[in-house]
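Engineer: I have a structure here, written as structure tokens, and I will follow up with some questions on it.
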Amino acid sequence: MKADLRVAVRELGWRLFVRNLHAQYRQSFLGLFWGLAPPLATTILWTYLHAFEIIRVNETSTPYPVFVLSGTLLWQVFADALRNPLRQLSTSAYLLSKISFPTEALLVAGLAQVALDFCIRVFLLVPIMLWFQVPLPITMPLAVIGVGALALFGTSLGLLLTPMGLLYRDVQRILDMGVLFWFFITPVIYPASDTMLTRLNPVSPLLQTARGLLVAGEFVHPVLFLTVLLFSVLLTIISWVIYRVALPHVVERMSP
Amino acid sequence: MNSPLVRVRHLAKRYTRDLNLALRYGVQDILSEFAPHHPNECRSLRPHEFWAIKDVSFELRRGEALGIIGPNGAGKSTLLKLMNGLIKPDAGQIELWGRVGALIELGAGFAPVLTGRENIYINASLLGLSRQETDALLAPIIDFAELQDAIDTPVQYYSSGMRLRLGYAIAAHLHPDILLVDEVLAVGDLAFRNKCLQHMQRYLSHGGALVLVSHDLHLVQAVCQRALLLDQGHIAAAGSAVEIVNHYFAHYRQQITQPKSSTSPVLNHGNPVVIDRVSIESEQGMISTRKPVHITLQYRSLLKDIPIFWGFSIWTGDQSVCITGNGGGMEEKRYTLKQGEGALRCTIPHLPLVAGHYALRAQIIDATTMSPIARYGWENVPTLFTVNSPPGVLNNIHAMLGSLVEIETIWH
């Protein structure tokens with residue numbers, strides 16, 4: 001049964017990922033560019049605001065555009081992973097009430113998309129780092145751990161909200177607003193300051209550690225990072241159990 | 001070989017049509033799953049809930065097909081969704097032995113911009129097949145669906161019949177032990193329906209078990225040995241497919257409408273003749289096809305010794321179609337009206353009506369002026385009667401064709 005689920009999730013998840021990708025790009029002219037557009041736009045915007053001193057942030061360890069871009073694409077991993085479960089399941093709602101299949105495959109397909117988007121964006125980051133004469137750190141491949149932690153934490157939280165979100169649209173709204181708010185209390189576009197919100201924000205250590213590995217070659221906040229990672233693992237298990245138990249009830253209410 | 005593949009016992013499922021309540025109850029149900037003393041069975045309804053499925057039990061063995069019929073909203077699809085594990089029962093058990101294949105909705109999961117071929121892989125993996133297994137089945141699936149030319153066209157350009165063929169072909173090649181089929185063949189053309197029919201029969205002869213939900217009673221009768229009639233969530237009748245199809249027609253096909261008043265008009269100079277009652281009776285008690293029946297018309301009259309014709313007409317149960325009628329007094333037999341109470345009688349030696357519900361109307365006509373002087377069943381309620389006939393293939397064919405009379409035929 002467990003092996004069954006694993007195979008089904010892997011095969012089906014891959015297939016759904018490929019399907020989504022095909023479906024996404026078959027009716028698109030710019031194709032992969034859309035993976036690059038959001039972080040690029042954010043970086044240009046904040047670099048502009050910063051360069052003309054419309055906003056002022058403390059001195060960053062790396063040139064500001066590199067700082068913003070690396071922060072944004074890591075943040076995007078968390079934000080996409082957070083929204084992924086509810087988005088995947090609500091776009092496939094019509095399937096849930098008609099075909100019995102391991103729905104985890106939808107989550108896996110969504111996460112594969114998040115990973116792909118990240119990989120595409122890293123290709124944008126590297127030339128920009130070289131342009132600003134930031135040496136590529138040796139720890140760069142280790143950033144995968146940070147990215148994984150961000151994705152896991154996002155998924156665990158997103159999965160927890162999914163059963164409720166499939167019943168009530170309000171959850172989606174709250175999530176959209178929450179992500180925006182969360183963006184600004186996380187040191188994405190500014191270096192970490194020691195305010196209460198930053199300290200209580202579990203994404204902060206994940207993002208700072210991941211960014212340290214990605215562009216600066218340092219492992220900052222190892223203890224906090226591992227604590228949040230462990231917490232994410234636990235939360236994922238709890239969320240998954242709740243999700244499994246709740247899903248039949250949700251499906252029943254979605255389709256009378 | 002003879003142990004059941006499906007065992008459903010005392011299944012119950014409640015629903016509400018109120019959206020807000022449905023969501024609230026959904027949250028309640030989820031939370032109660034985590035309550036320490038969570039009851040396994042819920043046998044009571046909350047406000048505004050009803051039983052979508054109540055106390056449904058049946059078994060199914062290898063090679064058996066069970067048809068599920070019933071009016072819209074009887075709980076047929078809910079039953080299949082429960083069996084497929086898409087939703088959880090509130091009470092009762094479902095036990096399934098073997099791999100389950102379900103066709104709840106054909107072509108659910110087709111991605112419109114992808115080609116038929118790509119969709120075969122996606123749909124097959126949704127239904128639990130690996131890539132290697134699908135590779136081997138690709139050619140037979142395309143062949144069965146008759147889509148050789150269109151297989152590399154995006155599915156959004158398929159007609160609904162083509163989608164049906166592709167969806168059925170995929171499900172048909174998965175070789176499940178238990179196949180659940182919901183009303184899906186409705187959009188197929190005749191040739192493809194026959195193909196599906198043959199496939200189902202072959203599948204059964206190879207030891208599969210089938211649950212078929214359909215409004216196509218011809219299909220149910222052709223494929224299934226046994227059937228359930230669901231009505232408002234409970235089993236209204238269970239038995240052989242032929243019996244149940246017959247029962248269904250007898251009880252649901254012709255709903256009798258009773259819009260008019262049942263009182264006779266008052267007898268006065270404006271209404272000098274009133275028909276009080278028109279009855280149709282059989283010596284056996286039950287009115288049956290091909291058996292004799294007697295029609296009696298009882299009247300009251302202020303007029304005396306008036307030559308009349310009288311006649312009756314038989315209508316469908318909903319009173320929309322006049323099937324036949326006849327009038328007496330125009331030929332050798334003469335009738336005259338008596339003052340006071342009187343009765344007119346006639347006999348139909350071999351009633352040609354097939355099983356069903358019918359309405360009887362009658363009138364008395366003045367033979368000299370040829371104008372009706374009393375009518376029964378137009379302004380007031382006609383006499384309603386039911387023709388019965390024992391369940392049988394011929395009677396079911398009549399019912400399915402919607403035929404009304406049986407004609408005497410000499411076969412050579």
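So you can find residues: chains in the structure tokens are A, B, ... in the order shown, residues in each start at 1, and ligands are numbered from 1 in order.
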Starting from chain A, keep only residues with some atom at most 9 Å from an atom of chain B, counting only C-alpha atoms, and report them as a VMD selection string.

Structural biologist: chain A and resid 7 to 8 11 to 12 15 to 16 19 to 20 22 to 23 26 to 27 92 94 to 102 163 to 164 167 to 168 242 245 to 254 256

Engineer: Excluding same-chain residues fewer than 2 positions from Phe132 of chain A, what lies within 10 Å of it counting only C-alpha atoms, as a VMD selection string?

Structural biologist: chain A and resid 62 to 66 127 to 130 134 to 135

Engineer: I need the chosen residues saved as a PDB file, in the first residue's frame, with C-alpha atoms.

Structural biologist:
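Result file is out27.pdb:
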```pdb
ATOM      1  CA  THR A  62      26.235  42.034  -1.289  1.00  0.00           C
ATOM      2  CA  PRO A  63      25.345  44.626  -3.950  1.00  0.00           C
ATOM      3  CA  TYR A  64      21.710  45.553  -3.542  1.00  0.00           C
ATOM      4  CA  PRO A  65      20.382  44.078  -6.859  1.00  0.00           C
ATOM      5  CA  VAL A  66      22.004  40.727  -6.061  1.00  0.00           C
ATOM      6  CA  PRO A 127      24.999  36.441 -14.696  1.00  0.00           C
ATOM      7  CA  ILE A 128      23.796  39.243 -12.467  1.00  0.00           C
ATOM      8  CA  MET A 129      26.201  38.154  -9.713  1.00  0.00           C
ATOM      9  CA  LEU A 130      29.037  38.110 -12.243  1.00  0.00           C
ATOM     10  CA  VAL A 134      30.172  38.961  -6.686  1.00  0.00           C
ATOM     11  CA  PRO A 135      32.231  35.762  -6.615  1.00  0.00           C
TER      12      PRO A 135
END
```

Engineer: Just the residues within 7 Å of Gly217 of chain A, please, counting only C-alpha atoms, with nothing from its chain fewer than 3 positions along; format it as a list in words.

Structural biologist: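 The residues that qualify are Pro137, Ile138, Thr139, Gly212, Leu213 and Leu214 of chain A.
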
Engineer: Could you pull out all residues of segment 161-341 of chain B with a DSSP call of strand (DSSP E) and give them as number ranges by chain?

Structural biologist: B: 178-181, 209-213, 226-231, 234-240, 273-281, 293-301, 306-316, 322-328, 335-337, 340-341

Engineer: Write out as a PDB file with C-alpha atoms, in the first residue's frame the residues lying within 6 Å of segment 222-231 of chain A, counting only C-alpha atoms and excluding same-chain residues fewer than 3 positions away.

Structural biologist:
```
ATOM      1  CA  ALA A 149      13.463  23.892   3.913  1.00  0.00           C
ATOM      2  CA  PRO A 205      16.170  32.256   9.472  1.00  0.00           C
ATOM      3  CA  LEU A 206      15.296  29.960   6.568  1.00  0.00           C
ATOM      4  CA  LEU A 234       6.550  17.774  12.276  1.00  0.00           C
TER       5      LEU A 234
END
```

Engineer: For Leu207 of chain A, which residue out of A:Ser156, A:Thr72, A:Asn84, A:Ser232 is the nearest one, using only C-alpha atoms?

Structural biologist: A:Thr72

Engineer: Would you kindly return, as a PyMOL selection string, each protein, DNA or RNA residue with an atom no farther than 9 Å from any atom of Trp378 of chain B, considering only C-alpha atoms and excluding same-chain residues fewer than 3 positions away?

Structural biologist: chain B and resi 260+361-362+375+381-382

Engineer: Can I get the selected residues back with C-alpha atoms, as a PDB file, in the first residue's frame?

Structural biologist:
```pdb
ATOM      1  CA  LYS B 260     -59.680  18.873 -11.427  1.00  0.00           C
ATOM      2  CA  ARG B 361     -63.852   9.438 -19.931  1.00  0.00           C
ATOM      3  CA  ALA B 362     -67.408   9.057 -21.101  1.00  0.00           C
ATOM      4  CA  ARG B 375     -69.860  14.484 -20.019  1.00  0.00           C
ATOM      5  CA  VAL B 381     -61.761  13.944 -12.672  1.00  0.00           C
ATOM      6  CA  PRO B 382     -61.865  11.000 -15.065  1.00  0.00           C
TER       7      PRO B 382
END
```

Engineer: If we count only C-alpha atoms and set the cut-off at 9 Å, which residues sit around segment 183-188 of chain A, ignoring sequence neighbours fewer than 6 positions away in its own chain? Please answer as a list in words.

Structural biologist: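 The filter keeps Phe67, Val68, Leu69, Ser70, Gly71, Thr72, Leu74, Trp75, Ala79, Leu197, Thr198, Asn201, Val203, Ser204, Leu207 and Gln208 of chain A.
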
Engineer: For the selection just defined, write its residues with N, CA and C atoms to a file, as a PDB file, in the first residue's frame.

Structural biologist:
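Final output, selection24.pdb:
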```pdb
ATOM      1  N   PHE A  67      21.305  41.190  -3.806  1.00  0.00           N
ATOM      2  CA  PHE A  67      20.620  40.927  -2.545  1.00  0.00           C
ATOM      3  C   PHE A  67      19.109  40.758  -2.767  1.00  0.00           C
ATOM      4  N   VAL A  68      18.538  41.695  -3.501  1.00  0.00           N
ATOM      5  CA  VAL A  68      17.083  41.653  -3.730  1.00  0.00           C
ATOM      6  C   VAL A  68      16.703  40.453  -4.578  1.00  0.00           C
ATOM      7  N   LEU A  69      17.464  40.218  -5.646  1.00  0.00           N
ATOM      8  CA  LEU A  69      17.112  39.111  -6.542  1.00  0.00           C
ATOM      9  C   LEU A  69      17.201  37.773  -5.820  1.00  0.00           C
ATOM     10  N   SER A  70      18.302  37.576  -5.080  1.00  0.00           N
ATOM     11  CA  SER A  70      18.442  36.288  -4.377  1.00  0.00           C
ATOM     12  C   SER A  70      17.333  36.146  -3.336  1.00  0.00           C
ATOM     13  N   GLY A  71      17.058  37.237  -2.627  1.00  0.00           N
ATOM     14  CA  GLY A  71      15.985  37.195  -1.626  1.00  0.00           C
ATOM     15  C   GLY A  71      14.648  36.892  -2.256  1.00  0.00           C
ATOM     16  N   THR A  72      14.382  37.558  -3.380  1.00  0.00           N
ATOM     17  CA  THR A  72      13.078  37.396  -4.018  1.00  0.00           C
ATOM     18  C   THR A  72      12.874  35.973  -4.516  1.00  0.00           C
ATOM     19  N   LEU A  74      14.241  33.277  -3.462  1.00  0.00           N
ATOM     20  CA  LEU A  74      14.061  32.353  -2.337  1.00  0.00           C
ATOM     21  C   LEU A  74      12.678  32.542  -1.703  1.00  0.00           C
ATOM     22  N   TRP A  75      12.301  33.798  -1.557  1.00  0.00           N
ATOM     23  CA  TRP A  75      10.972  34.086  -1.017  1.00  0.00           C
ATOM     24  C   TRP A  75       9.898  33.446  -1.888  1.00  0.00           C
ATOM     25  N   ALA A  79       6.683  31.265  -0.928  1.00  0.00           N
ATOM     26  CA  ALA A  79       5.327  31.732  -1.226  1.00  0.00           C
ATOM     27  C   ALA A  79       4.604  30.769  -2.172  1.00  0.00           C
ATOM     28  N   LEU A 197       8.901  41.324  15.037  1.00  0.00           N
ATOM     29  CA  LEU A 197       8.271  40.548  13.972  1.00  0.00           C
ATOM     30  C   LEU A 197       9.292  39.691  13.231  1.00  0.00           C
ATOM     31  N   THR A 198      10.462  40.246  12.992  1.00  0.00           N
ATOM     32  CA  THR A 198      11.494  39.490  12.290  1.00  0.00           C
ATOM     33  C   THR A 198      11.966  38.310  13.120  1.00  0.00           C
ATOM     34  N   ASN A 201       9.376  35.575  13.151  1.00  0.00           N
ATOM     35  CA  ASN A 201       9.041  35.080  11.821  1.00  0.00           C
ATOM     36  C   ASN A 201       9.906  33.870  11.454  1.00  0.00           C
ATOM     37  N   VAL A 203      10.211  32.278   8.784  1.00  0.00           N
ATOM     38  CA  VAL A 203      10.779  32.282   7.438  1.00  0.00           C
ATOM     39  C   VAL A 203      12.124  33.018   7.433  1.00  0.00           C
ATOM     40  N   SER A 204      12.285  33.983   8.358  1.00  0.00           N
ATOM     41  CA  SER A 204      13.522  34.773   8.398  1.00  0.00           C
ATOM     42  C   SER A 204      14.781  33.915   8.440  1.00  0.00           C
ATOM     43  N   LEU A 207      15.242  31.935   5.197  1.00  0.00           N
ATOM     44  CA  LEU A 207      15.614  32.729   4.037  1.00  0.00           C
ATOM     45  C   LEU A 207      17.031  33.276   4.170  1.00  0.00           C
ATOM     46  N   GLN A 208      17.369  33.735   5.375  1.00  0.00           N
ATOM     47  CA  GLN A 208      18.715  34.294   5.564  1.00  0.00           C
ATOM     48  C   GLN A 208      19.783  33.221   5.379  1.00  0.00           C
TER      49      GLN A 208
END
```
